[in-house]
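Engineer: Just so it is clear, I am handing over target19.txt, which has compact mmCIF, C-alpha atoms.
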# COMPACT_ATOMS: atom_id res chain seq x y z
CA MET A 1 -33.26 -2.59 20.17
CA SER A 2 -33.96 1.01 21.14
CA PRO A 3 -31.74 3.86 19.86
CA LEU A 4 -30.37 4.25 23.41
CA GLU A 5 -29.50 0.55 23.61
CA GLN A 6 -27.88 0.69 20.18
CA ARG A 7 -25.72 3.63 21.25
CA ARG A 8 -24.65 1.72 24.33
CA GLU A 9 -24.03 -1.63 22.68
CA GLY A 10 -22.90 -0.62 19.20
CA SER A 11 -24.19 -1.87 15.87
CA LEU A 12 -24.84 -5.56 15.32
CA GLU A 13 -24.46 -5.23 11.56
CA ALA A 14 -21.25 -6.09 9.71
CA PRO A 15 -18.77 -3.20 9.58
CA THR A 16 -18.59 -1.21 6.41
CA ARG A 17 -15.97 1.29 5.32
CA HIS A 18 -16.50 4.72 3.77
CA ALA A 19 -14.21 5.98 1.02
CA LEU A 20 -11.83 8.78 1.94
CA ASP A 21 -12.42 12.05 0.10
CA TRP A 22 -8.81 13.01 0.66
CA LYS A 23 -8.65 15.51 -2.19
CA ALA A 24 -11.43 17.68 -0.75
CA PRO A 25 -10.09 20.90 0.87
CA SER A 26 -11.95 20.05 4.08
CA PHE A 27 -9.88 16.87 4.50
CA HIS A 28 -6.80 18.96 5.29
CA ASP A 29 -8.66 21.60 7.33
CA GLU A 30 -6.89 21.43 10.68
CA ALA A 31 -9.68 23.04 12.70
CA ALA A 32 -12.24 20.59 11.30
CA LEU A 33 -9.83 17.71 11.93
CA LEU A 34 -9.31 18.69 15.58
CA ALA A 35 -13.07 18.97 16.10
CA GLU A 36 -13.56 15.47 14.68
CA MET A 37 -10.71 14.13 16.79
CA ALA A 38 -12.40 15.59 19.89
CA ARG A 39 -15.68 13.87 18.96
CA VAL A 40 -14.06 10.49 18.35
CA PHE A 41 -11.73 10.74 21.36
CA ASP A 42 -14.74 11.43 23.57
CA ALA A 43 -16.38 8.20 22.40
CA CYS A 44 -13.10 6.31 22.90
CA HIS A 45 -12.73 7.73 26.41
CA GLY A 46 -16.21 6.52 27.31
CA CYS A 47 -15.57 3.04 25.90
CA ARG A 48 -11.88 2.17 26.42
CA ARG A 49 -12.18 -1.27 24.82
CA CYS A 50 -9.05 -0.70 22.72
CA VAL A 51 -6.69 0.08 25.58
CA SER A 52 -4.62 -3.08 25.04
CA LEU A 53 -4.12 -2.75 21.28
CA CYS A 54 -1.42 -0.12 20.89
CA GLN A 55 0.01 2.94 22.61
CA SER A 56 -2.42 5.43 21.03
CA PHE A 57 -5.22 4.58 23.40
CA PRO A 58 -3.23 4.56 26.67
CA THR A 59 -1.75 7.89 25.56
CA LEU A 60 -5.23 9.32 25.01
CA PHE A 61 -6.65 7.98 28.26
CA ASP A 62 -3.65 9.22 30.27
CA LEU A 63 -4.16 12.69 28.81
CA VAL A 64 -7.83 12.62 29.75
CA ASP A 65 -7.24 11.28 33.25
CA ALA A 66 -4.56 13.90 33.92
CA SER A 67 -6.75 16.80 32.76
CA ALA A 68 -8.62 19.10 35.15
CA SER A 69 -12.04 17.93 33.97
CA MET A 70 -11.01 14.28 33.44
CA GLU A 71 -12.85 14.55 30.13
CA VAL A 72 -11.65 15.15 26.57
CA ASP A 73 -12.63 18.81 26.78
CA GLY A 74 -9.94 19.23 29.44
CA VAL A 75 -7.15 18.03 27.11
CA ASP A 76 -5.17 20.67 25.25
CA ARG A 77 -5.79 20.06 21.57
CA SER A 78 -2.10 20.41 20.83
CA ASP A 79 -1.71 17.15 22.78
CA PHE A 80 -3.99 15.33 20.35
CA TRP A 81 -0.95 14.89 18.11
CA LYS A 82 0.67 12.69 20.76
CA VAL A 83 -2.11 10.17 20.10
CA VAL A 84 -1.59 10.43 16.35
CA ASP A 85 2.15 9.79 16.63
CA GLN A 86 1.53 6.47 18.40
CA CYS A 87 -0.81 5.10 15.70
CA TYR A 88 0.75 2.87 13.06
CA LEU A 89 -2.49 2.09 11.18
CA CYS A 90 -2.67 -1.60 12.09
CA ASP A 91 -6.48 -1.30 11.68
CA LEU A 92 -7.20 -3.71 14.53
CA CYS A 93 -9.28 -1.23 16.52
CA TYR A 94 -11.64 -0.86 13.56
CA MET A 95 -11.83 -4.53 12.66
CA THR A 96 -11.76 -6.26 16.04
CA LYS A 97 -12.77 -3.91 18.86
CA CYS A 98 -14.73 -0.75 18.07
CA PRO A 99 -18.54 -1.12 18.41
CA TYR A 100 -19.19 2.25 16.78
CA VAL A 101 -17.88 1.68 13.26
CA PRO A 102 -20.24 2.25 10.32
CA PRO A 103 -23.12 1.52 9.92
CA HIS A 104 -23.43 2.68 13.53
CA GLU A 105 -24.70 6.25 13.59
CA TRP A 106 -21.48 7.49 15.23
CA THR A 107 -19.50 6.32 12.16
CA ILE A 108 -16.17 6.06 13.95
CA ASP A 109 -13.15 5.02 11.89
CA PHE A 110 -10.22 5.64 14.20
CA PRO A 111 -7.44 4.44 11.83
CA HIS A 112 -8.61 6.62 8.98
CA LEU A 113 -9.01 9.58 11.34
CA MET A 114 -5.37 9.05 12.31
CA LEU A 115 -4.48 8.79 8.62
CA ARG A 116 -6.20 12.13 8.02
CA ALA A 117 -4.23 13.64 10.91
CA LYS A 118 -0.98 12.27 9.50
CA ALA A 119 -1.87 13.74 6.11
CA VAL A 120 -2.47 17.15 7.71
CA LYS A 121 0.91 16.92 9.48
CA PHE A 122 2.63 15.95 6.27
CA ARG A 123 0.99 18.78 4.31
CA LYS A 124 2.22 21.21 7.01
CA GLY A 125 5.77 19.85 6.66
CA ASP A 126 5.74 18.50 10.22
CA VAL A 127 7.68 15.35 9.28
CA LYS A 128 11.20 14.38 10.28
CA TRP A 129 13.87 13.83 7.63
CA ARG A 130 14.48 10.42 9.18
CA ASP A 131 10.88 9.39 8.54
CA ARG A 132 11.08 10.47 4.91
CA LEU A 133 14.27 8.43 4.56
CA LEU A 134 12.94 5.28 6.24
CA THR A 135 9.85 5.26 4.02
CA SER A 136 11.86 5.66 0.80
CA THR A 137 12.02 1.91 0.43
CA ASP A 138 12.61 1.78 -3.32
CA ALA A 139 15.52 4.21 -3.23
CA ILE A 140 17.16 2.57 -0.20
CA GLY A 141 16.64 -0.90 -1.64
CA ARG A 142 18.16 -0.06 -5.01
CA LEU A 143 21.23 1.43 -3.36
CA ALA A 144 21.62 -1.19 -0.64
CA GLY A 145 20.96 -3.97 -3.16
CA ILE A 146 24.31 -3.31 -4.83
CA PRO A 147 26.56 -6.16 -3.59
CA VAL A 148 29.38 -4.07 -2.11
CA VAL A 149 26.94 -1.57 -0.64
CA ALA A 150 24.82 -4.37 0.86
CA GLU A 151 27.86 -5.77 2.68
CA THR A 152 28.74 -2.30 4.02
CA VAL A 153 25.18 -1.52 5.16
CA ASN A 154 24.87 -4.88 6.91
CA ALA A 155 28.23 -4.41 8.62
CA VAL A 156 27.19 -0.96 9.87
CA ASN A 157 23.89 -2.32 11.16
CA ARG A 158 25.75 -4.98 13.17
CA ASN A 159 28.31 -2.58 14.68
CA ALA A 160 27.30 -1.39 18.17
CA LEU A 161 29.39 1.81 18.07
CA LEU A 162 28.11 2.83 14.65
CA ARG A 163 24.55 2.06 15.71
CA LYS A 164 24.95 4.41 18.67
CA ALA A 165 26.06 7.11 16.27
CA MET A 166 23.13 6.30 14.00
CA GLU A 167 20.77 6.72 16.95
CA LYS A 168 22.12 10.20 17.67
CA VAL A 169 22.16 11.35 14.06
CA LEU A 170 19.14 9.60 12.55
CA GLY A 171 17.02 8.73 15.57
CA VAL A 172 17.13 5.01 14.77
CA HIS A 173 17.27 3.06 18.04
CA ALA A 174 20.67 1.45 18.57
CA GLU A 175 19.20 -1.86 19.75
CA ALA A 176 16.40 -2.21 17.21
CA PRO A 177 17.12 -5.04 14.76
CA LEU A 178 17.37 -3.73 11.21
CA PRO A 179 16.73 -5.87 8.13
CA ALA A 180 19.69 -7.22 6.20
CA TYR A 181 20.10 -6.34 2.53
CA HIS A 182 20.96 -8.86 -0.16
CA GLY A 183 23.32 -8.19 -3.02
CA ARG A 184 21.13 -10.41 -5.22
CA PRO A 185 17.54 -9.20 -4.85
CA LEU A 186 14.65 -11.56 -5.47
CA ARG A 187 13.71 -10.10 -8.84
CA ARG A 188 17.25 -10.61 -10.08
CA ARG A 189 17.33 -14.18 -8.76
CA LEU A 190 14.02 -15.19 -10.29
CA ALA A 191 14.65 -13.45 -13.59
CA LYS A 192 17.63 -15.76 -14.15
CA ALA A 193 16.00 -18.89 -12.75
CA ALA A 194 14.77 -21.54 -15.16
CA LYS A 195 10.97 -21.63 -15.18
CA PRO A 196 9.34 -25.08 -15.00
CA PRO A 197 7.12 -25.95 -17.99
CA LEU A 198 3.85 -25.92 -16.04
CA ALA A 199 0.39 -25.66 -17.58
CA PRO A 200 -2.13 -23.66 -15.54
CA GLN A 201 -4.84 -25.70 -13.83
CA PRO A 202 -7.68 -23.27 -13.12
CA THR A 203 -10.27 -23.72 -10.39
CA GLU A 204 -13.51 -21.89 -9.74
CA ALA A 205 -11.71 -19.25 -7.66
CA THR A 206 -8.21 -19.19 -9.23
CA THR A 207 -6.75 -19.06 -12.72
CA GLY A 208 -3.94 -21.40 -11.71
CA LYS A 209 -1.12 -19.11 -12.81
CA VAL A 210 0.22 -16.24 -10.77
CA ALA A 211 2.29 -13.11 -11.13
CA LEU A 212 4.46 -12.42 -8.10
CA PHE A 213 4.63 -8.86 -6.78
CA ALA A 214 7.91 -9.24 -4.90
CA THR A 215 7.40 -6.19 -2.61
CA CYS A 216 10.28 -4.00 -1.43
CA TYR A 217 10.93 -6.14 1.61
CA GLY A 218 10.62 -9.42 -0.24
CA ASN A 219 12.88 -8.20 -3.02
CA TYR A 220 15.70 -6.54 -1.10
CA ASN A 221 15.52 -7.89 2.47
CA ALA A 222 14.03 -11.38 2.36
CA PRO A 223 14.52 -12.95 -1.09
CA PRO A 224 14.65 -16.51 0.31
CA ILE A 225 10.96 -16.21 1.23
CA GLY A 226 10.10 -15.47 -2.39
CA GLU A 227 12.25 -18.38 -3.55
CA ASP A 228 10.45 -20.67 -1.11
CA LEU A 229 7.10 -19.44 -2.42
CA VAL A 230 8.06 -20.17 -6.01
CA ALA A 231 9.26 -23.66 -5.04
CA VAL A 232 6.05 -24.47 -3.13
CA PHE A 233 3.82 -23.16 -5.89
CA ALA A 234 5.78 -25.06 -8.56
CA HIS A 235 5.48 -28.24 -6.49
CA ASN A 236 1.73 -27.69 -6.63
CA GLY A 237 1.68 -27.18 -10.38
CA ILE A 238 1.22 -23.40 -10.22
CA PRO A 239 3.45 -21.48 -12.63
CA VAL A 240 4.86 -18.26 -11.17
CA SER A 241 6.03 -15.27 -13.18
CA LEU A 242 7.41 -12.00 -11.91
CA VAL A 243 5.27 -8.91 -12.28
CA ALA A 244 6.85 -7.09 -15.23
CA LYS A 245 7.90 -4.14 -13.05
CA GLU A 246 6.93 -2.80 -9.69
CA ARG A 247 7.30 0.06 -7.26
CA CYS A 248 6.71 0.17 -3.53
CA CYS A 249 3.05 -0.53 -2.81
CA GLY A 250 2.81 2.82 -1.00
CA MET A 251 2.08 1.54 2.52
CA PRO A 252 5.16 3.19 4.11
CA ARG A 253 4.14 6.53 2.63
CA LEU A 254 0.53 5.99 3.68
CA GLU A 255 1.71 5.60 7.28
CA LEU A 256 3.62 8.86 6.85
CA GLY A 257 0.52 10.67 5.55
CA ASP A 258 2.07 11.33 2.13
CA LEU A 259 -1.02 10.59 0.07
CA ASP A 260 0.36 12.18 -3.09
CA ALA A 261 3.20 9.64 -3.04
CA VAL A 262 0.63 6.88 -2.54
CA GLU A 263 -1.16 8.10 -5.64
CA ALA A 264 2.10 8.13 -7.60
CA ALA A 265 2.81 4.53 -6.57
CA LYS A 266 -0.71 3.59 -7.54
CA GLU A 267 -0.31 5.15 -10.98
CA ALA A 268 2.89 3.14 -11.51
CA ASN A 269 1.66 -0.23 -10.21
CA ILE A 270 -2.01 -0.54 -11.10
CA PRO A 271 -1.66 -0.48 -14.93
CA VAL A 272 1.03 -3.19 -14.75
CA LEU A 273 -0.98 -5.40 -12.40
CA ALA A 274 -4.20 -4.88 -14.36
CA ALA A 275 -2.42 -5.92 -17.56
CA HIS A 276 -1.32 -9.18 -15.92
CA ILE A 277 -4.85 -9.85 -14.70
CA GLU A 278 -6.25 -9.25 -18.17
CA GLN A 279 -3.76 -11.88 -19.40
CA GLY A 280 -5.22 -14.42 -16.99
CA PHE A 281 -2.86 -14.06 -14.02
CA ASP A 282 -3.73 -13.90 -10.36
CA ILE A 283 -1.50 -11.60 -8.28
CA ILE A 284 0.37 -12.93 -5.24
CA MET A 285 1.91 -10.64 -2.62
CA PRO A 286 3.99 -12.33 0.13
CA VAL A 287 3.91 -9.39 2.58
CA PRO A 288 0.49 -8.82 4.23
CA SER A 289 0.82 -5.02 4.35
CA CYS A 290 1.28 -4.84 0.59
CA ALA A 291 -1.71 -7.07 -0.08
CA LEU A 292 -3.81 -4.96 2.30
CA MET A 293 -2.75 -1.83 0.44
CA PHE A 294 -4.13 -3.12 -2.85
CA LYS A 295 -7.13 -4.94 -1.40
CA GLN A 296 -8.41 -2.27 0.97
CA GLU A 297 -6.60 1.05 1.16
CA LEU A 298 -6.32 1.91 -2.54
CA PRO A 299 -10.01 1.13 -3.24
CA LEU A 300 -10.96 3.46 -0.36
CA LEU A 301 -8.60 6.20 -1.52
CA PHE A 302 -9.57 5.88 -5.21
CA PRO A 303 -13.14 4.55 -5.22
CA GLY A 304 -13.82 5.69 -8.78
CA ASP A 305 -10.86 3.89 -10.35
CA GLU A 306 -12.13 0.73 -12.05
CA ARG A 307 -8.63 -0.70 -12.49
CA VAL A 308 -8.00 -0.37 -8.77
CA ARG A 309 -11.14 -2.43 -8.13
CA LEU A 310 -10.05 -4.97 -10.75
CA VAL A 311 -6.68 -5.44 -9.08
CA ALA A 312 -8.19 -5.56 -5.57
CA ALA A 313 -10.37 -8.49 -6.61
CA ARG A 314 -7.43 -10.57 -7.90
CA VAL A 315 -4.74 -9.92 -5.27
CA PHE A 316 -4.15 -12.90 -2.98
CA ASP A 317 -2.17 -13.70 0.13
CA PRO A 318 -0.05 -16.79 -0.68
CA PHE A 319 -1.72 -19.03 1.91
CA GLU A 320 -5.15 -17.74 0.94
CA TYR A 321 -4.34 -18.90 -2.58
CA LEU A 322 -3.10 -22.31 -1.46
CA ALA A 323 -6.23 -22.75 0.68
CA LEU A 324 -8.42 -22.06 -2.35
CA ARG A 325 -6.44 -24.63 -4.33
CA HIS A 326 -6.82 -27.14 -1.51
CA LYS A 327 -10.57 -26.57 -1.39
CA ALA A 328 -10.69 -27.40 -5.10
CA GLY A 329 -8.60 -30.56 -4.60
CA GLN A 330 -5.56 -29.04 -6.30
CA LEU A 331 -3.08 -28.98 -3.41
CA ARG A 332 -0.46 -31.66 -2.97
CA THR A 333 -0.23 -33.12 0.52
CA ASP A 334 2.82 -35.34 -0.04
CA PHE A 335 4.64 -33.87 2.95
CA ARG A 336 7.88 -35.59 3.88
CA GLN A 337 8.89 -33.90 7.12
CA PRO A 338 6.85 -33.09 10.24
CA LEU A 339 7.26 -29.61 11.67
CA GLY A 340 6.52 -30.44 15.29
CA LYS A 341 5.13 -27.55 17.31
CA VAL A 342 4.82 -24.22 15.52
CA ALA A 343 4.13 -20.92 17.29
CA TYR A 344 2.52 -18.87 14.56
CA HIS A 345 2.04 -15.11 14.93
CA VAL A 346 -0.89 -13.85 12.85
CA ALA A 347 0.15 -10.51 11.37
CA CYS A 348 -2.22 -7.59 12.03
CA HIS A 349 -2.43 -6.59 8.37
CA LEU A 350 -3.41 -10.17 7.58
CA ARG A 351 -6.03 -10.38 10.32
CA VAL A 352 -7.85 -7.29 9.08
CA GLN A 353 -8.21 -8.81 5.60
CA ASN A 354 -10.81 -11.18 7.12
CA LEU A 355 -9.36 -14.27 5.45
CA GLY A 356 -9.51 -16.54 8.46
CA LEU A 357 -6.45 -18.48 9.61
CA LYS A 358 -5.43 -19.85 6.24
CA THR A 359 -1.73 -20.06 7.12
CA ARG A 360 -2.50 -22.10 10.21
CA ASP A 361 -4.84 -24.36 8.23
CA MET A 362 -2.20 -25.09 5.58
CA LEU A 363 0.56 -25.81 8.09
CA ALA A 364 -1.81 -28.03 10.07
CA LEU A 365 -2.13 -30.31 7.02
CA VAL A 366 1.44 -31.47 7.64
CA PRO A 367 1.41 -34.74 9.64
CA GLY A 368 3.17 -34.50 12.98
CA THR A 369 2.55 -30.77 13.20
CA SER A 370 0.61 -28.68 15.71
CA VAL A 371 0.13 -24.97 15.19
CA GLU A 372 -0.52 -22.44 17.96
CA PRO A 373 -1.82 -19.19 16.42
CA ILE A 374 -1.11 -15.98 18.34
CA GLU A 375 -3.53 -13.22 17.40
CA ARG A 376 -1.98 -10.16 18.99
CA CYS A 377 0.06 -7.28 17.62
CA SER A 378 3.83 -7.74 17.52
CA GLY A 379 4.35 -3.99 17.95
CA HIS A 380 6.67 -3.67 14.99
CA ASP A 381 4.81 -1.77 12.25
CA GLY A 382 6.80 -0.74 9.19
CA THR A 383 9.16 1.69 10.95
CA TYR A 384 7.61 2.28 14.39
CA ALA A 385 9.79 -0.23 16.26
CA VAL A 386 13.11 1.08 14.90
CA LYS A 387 12.56 4.70 15.91
CA ARG A 388 14.36 5.91 19.01
CA GLU A 389 11.26 7.42 20.62
CA PHE A 390 9.00 4.42 20.00
CA HIS A 391 11.23 1.34 20.33
CA ASP A 392 10.54 0.81 24.03
CA ASN A 393 6.80 1.01 23.39
CA ALA A 394 7.15 -1.47 20.54
CA MET A 395 8.92 -3.93 22.83
CA LYS A 396 6.21 -3.46 25.48
CA ILE A 397 3.49 -4.21 22.92
CA ALA A 398 5.43 -7.28 21.75
CA ARG A 399 5.96 -8.67 25.25
CA PRO A 400 2.72 -10.72 25.49
CA VAL A 401 3.41 -12.31 22.09
CA VAL A 402 7.03 -13.02 23.00
CA GLU A 403 5.93 -14.66 26.24
CA ARG A 404 3.37 -16.79 24.40
CA VAL A 405 6.09 -18.01 22.06
CA ARG A 406 8.49 -18.66 24.93
CA ARG A 407 5.91 -20.58 27.00
CA SER A 408 4.88 -22.75 24.07
CA ALA A 409 8.50 -23.97 23.64
CA PRO A 410 7.97 -24.51 19.90
CA ASP A 411 10.15 -26.30 17.42
CA HIS A 412 9.63 -23.33 15.09
CA TYR A 413 8.12 -19.86 15.32
CA GLY A 414 7.39 -17.15 12.79
CA SER A 415 4.90 -14.73 11.30
CA ASP A 416 3.36 -13.98 7.91
CA CYS A 417 5.05 -10.59 8.33
CA PRO A 418 8.82 -11.15 8.23
CA MET A 419 9.40 -7.83 10.03
CA ALA A 420 7.17 -8.98 12.90
CA GLY A 421 9.03 -12.29 13.01
CA ARG A 422 12.37 -10.51 13.30
CA HIS A 423 10.98 -8.24 16.02
CA LEU A 424 9.76 -11.22 18.03
CA GLY A 425 13.16 -12.86 17.66
CA HIS A 426 14.71 -9.72 19.12
CA GLY A 427 12.30 -9.93 22.05
CA LEU A 428 13.09 -13.60 22.65
CA GLY A 429 16.80 -12.88 22.60
CA ASP A 430 17.80 -16.55 22.54
CA GLY A 431 19.49 -16.55 19.14
CA ARG A 432 16.76 -18.62 17.46
CA GLU A 433 15.76 -17.22 14.10
CA PRO A 434 12.11 -17.05 13.02
CA LEU A 435 11.05 -19.07 10.00
CA HIS A 436 8.45 -17.66 7.65
CA PRO A 437 5.42 -19.99 7.24
CA MET A 438 6.19 -20.39 3.53
CA SER A 439 9.70 -21.54 4.42
CA LEU A 440 8.17 -24.00 6.87
CA LEU A 441 5.85 -25.35 4.20
CA ARG A 442 8.76 -25.86 1.81
CA LYS A 443 10.63 -27.62 4.59
CA ALA A 444 7.63 -29.90 5.14
CA TYR A 445 7.49 -30.75 1.44
CA GLY A 446 11.21 -31.51 1.48
CA ILE A 447 11.84 -29.61 -1.74
Render the structure in this file as structure tokens.

Structural biologist:
Amino acid sequence: MSPLEQRREGSLEAPTRHALDWKAPSFHDEAALLAEMARVFDACHGCRRCVSLCQSFPTLFDLVDASASMEVDGVDRSDFWKVVDQCYLCDLCYMTKCPYVPPHEWTIDFPHLMLRAKAVKFRKGDVKWRDRLLTSTDAIGRLAGIPVVAETVNAVNRNALLRKAMEKVLGVHAEAPLPAYHGRPLRRRLAKAAKPPLAPQPTEATTGKVALFATCYGNYNAPPIGEDLVAVFAHNGIPVSLVAKERCCGMPRLELGDLDAVEAAKEANIPVLAAHIEQGFDIIMPVPSCALMFKQELPLLFPGDERVRLVAARVFDPFEYLALRHKAGQLRTDFRQPLGKVAYHVACHLRVQNLGLKTRDMLALVPGTSVEPIERCSGHDGTYAVKREFHDNAMKIARPVVERVRRSAPDHYGSDCPMAGRHLGHGLGDGREPLHPMSLLRKAYGI
């Protein structure tokens, strides 16, 4: 293939990712950033393959088409930030669409360019108080996890008048569904639960015993999912222990551009996780965004940290782990209850881990079960869908997924990402609650 043909068609080699030298002064140089954004935006304008992924690309293309030159050079650079604000770092453009990612000579990494822009904004102080609050997941969870406080927070979130006030004061959309808080977080529940006397059964790819990183959402907002995971793993002879202590993985702060906070979370979590691994544990994370943080983002932000690489190699998605056990003949298939038709939304942060459809494959083992995977963004993101200025866009992005679920008329629907599942339920608006795939698997086992 000639160089001209390669430029037109993109690279045929597997994508690779360059580490981010985010501590270099040039990383936060706004003039250099804007010049790089102009270069990348020009390539995106000429390609437009990613127009259906999120609102960043329609925003960019509308700016270009409305400019005098109808080219990127006609767009006021102050408007570049409108594109940045619409990006929620799902990574799909890099992993599924862009033909110009490394090793292509143009070396385009749109998500990490947006991350750099967010970091520049954060360093300048151009961040709303609301966004700082919404990404303080540990602090909010600890407070809202107090039983009386949890009841009050949940009552406020269900009250239409108070939600209207919250929209005016905080900028949280009055109709956006907010997660409930539990007065008994997952870590508290599992710490008091009797542990089954299970002996690890290692395979070639797994040690057979796992340490559960509960995650902020799994701990404070969705503890039943963690309980279902423990039950399913115990049924399969896999002992589960809680990670000794944990902080937020750092993904919410990454999406805010607060890389110093990401580093602080890394410094708190990595030594604990590495110690578990050195004791023979594999690490399980039930929320895809958290697993992606440890598997991909931290190694790219801290490429010289050997413990980060150690942890990245031993972090597993729950269904990835069960699939490895099944491959080794160590998964029980004594299912008691068919699931019927399942509409399964594949979370973006799971897709970009390149695991394949392991959740679908595990659910499909259940007799009397058919699984329809839906590989399209739900539009939720960590906080994007709850913000007043973005909620309508989030619902627009979710619409094709919602319609796929509605048309399939499933017995059950859900997503690996519980936030995406809740968002889809809001779009459906029929009162049916999503069921996490791990909850479905426990239901199938009848345990």

Engineer: Sort by chain and increasing residue number a table of all residues of segment 124-209 of chain A within 6 Å of segment 387-402 of chain A, each with its closest pair of atoms and their distance in Å to one decimal, counting all atoms listed in the file, and write it as a tab-separated table.

Structural biologist:
residue	atom	partner	partner_atom	distance
A:Gly171	CA	A:Arg388	CA	5.2
A:Val172	CA	A:Lys387	CA	4.7
A:His173	CA	A:Arg388	CA	4.2

Engineer: Would you compute the distance between atom CA of Thr135 of chain A and atom CA of Pro252 of chain A? Give it in Å to one decimal.

Structural biologist: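 Between atom CA of Thr135 of chain A and atom CA of Pro252 of chain A the gap works out to 5.1 Å.
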
Engineer: Quick one: residues within 8 Å of Pro367 of chain A, only C-alpha atoms, excluding same-chain residues fewer than 3 positions away - as a PyMOL selection string?

Structural biologist: chain A and resi 335+337-338+364

Engineer: Residues at most 10 Å from segment 317-326 of chain A, counting all atoms listed in the file, excluding those fewer than 5 positions away in the same chain, as a PyMOL selection string?

Structural biologist: chain A and resi 201-206+208+210+212+229+232-233+236+238+282-288+290-292+331-333+350+353+355-363+416+437-438

Engineer: Nearest to Gly141 of chain A: which of A:Arg247, A:Lys128, A:Arg307, A:His18 is it, counting all atoms listed in the file?

Structural biologist: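 Distance minimum relative to Gly141 of chain A lands on A:Arg247.
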
Engineer: What's the separation between atom CA of Ala139 of chain A and atom CA of Pro111 of chain A, in Å to one decimal place?

Structural biologist: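 So the answer is 27.5 Å.
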
Engineer: Counting only C-alpha atoms, write as a PyMOL selection string all protein and nucleic acid residues lying at most 10 Å from (-8.6, 5.7, 12.0) in the file's frame.

Structural biologist: chain A and resi 37+40+84+87-94+108-117

Engineer: Contacts of Ala38 of chain A at 10 Å or less, counting all atoms listed in the file, minus same-chain residues fewer than 5 places along, as a PyMOL selection string?

Structural biologist: chain A and resi 32-33+43-44+72-73+75+77+80

Engineer: State, in Å with one decimal place, the distance from atom CA of Val311 of chain A to atom CA of Leu273 of chain A.

Structural biologist: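 These two atoms are separated by 6.6 Å.
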
Engineer: Would you pick out the contacts of Gly183 of chain A at 7 Å or less, using all atoms listed in the file, so that residues sharing its chain but fewer than 4 positions from it are not included, and give the list as a ChimeraX atom specification?

Structural biologist: /A:145-147,150

Engineer: Measuring atom to atom with all atoms listed in the file, identify which of A:Val148, A:Ala119, A:Val127, A:Cys216 is nearest to Leu254 of chain A.

Structural biologist: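 Looking at the shortest contact to Leu254 of chain A, the residue is A:Ala119.
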
Engineer: Would you be able to write out as an NGL selection string which residues have an atom within 10 Å of (14.4, -13.9, -0.2) in the file's coordinates, counting only C-alpha atoms?

Structural biologist: :A and (181-182 or 184-187 or 189 or 214 or 217-229)

Engineer: Given the choices A:Ala180, A:Leu300, A:Val346, A:Ala191, which gets closest to Glu151 of chain A if the distance is worked out from only C-alpha atoms?

Structural biologist: A:Ala180

Engineer: From the options A:Leu63, A:Cys249, A:Leu170, A:Leu53, which residue's atoms come nearest to Thr137 of chain A, counting all atoms listed in the file?

Structural biologist: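 Distance minimum relative to Thr137 of chain A lands on A:Cys249.
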
Engineer: Choose the residue, out of A:Glu36, A:Asp65, A:Ala211, A:Gln330, that has the smallest atom-to-atom separation from His235 of chain A; count all atoms listed in the file.

Structural biologist: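 Under the stated criterion, the closest residue is A:Gln330.
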
Engineer: For each of A:Leu310, A:Met166, A:Ile277, A:Ala420, take the minimum atom-to-atom distance to Cys348 of chain A, counting all atoms listed in the file, then give the residue where this is smallest.

Structural biologist: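 Closest to Cys348 of chain A, using all atoms listed in the file: A:Ala420.
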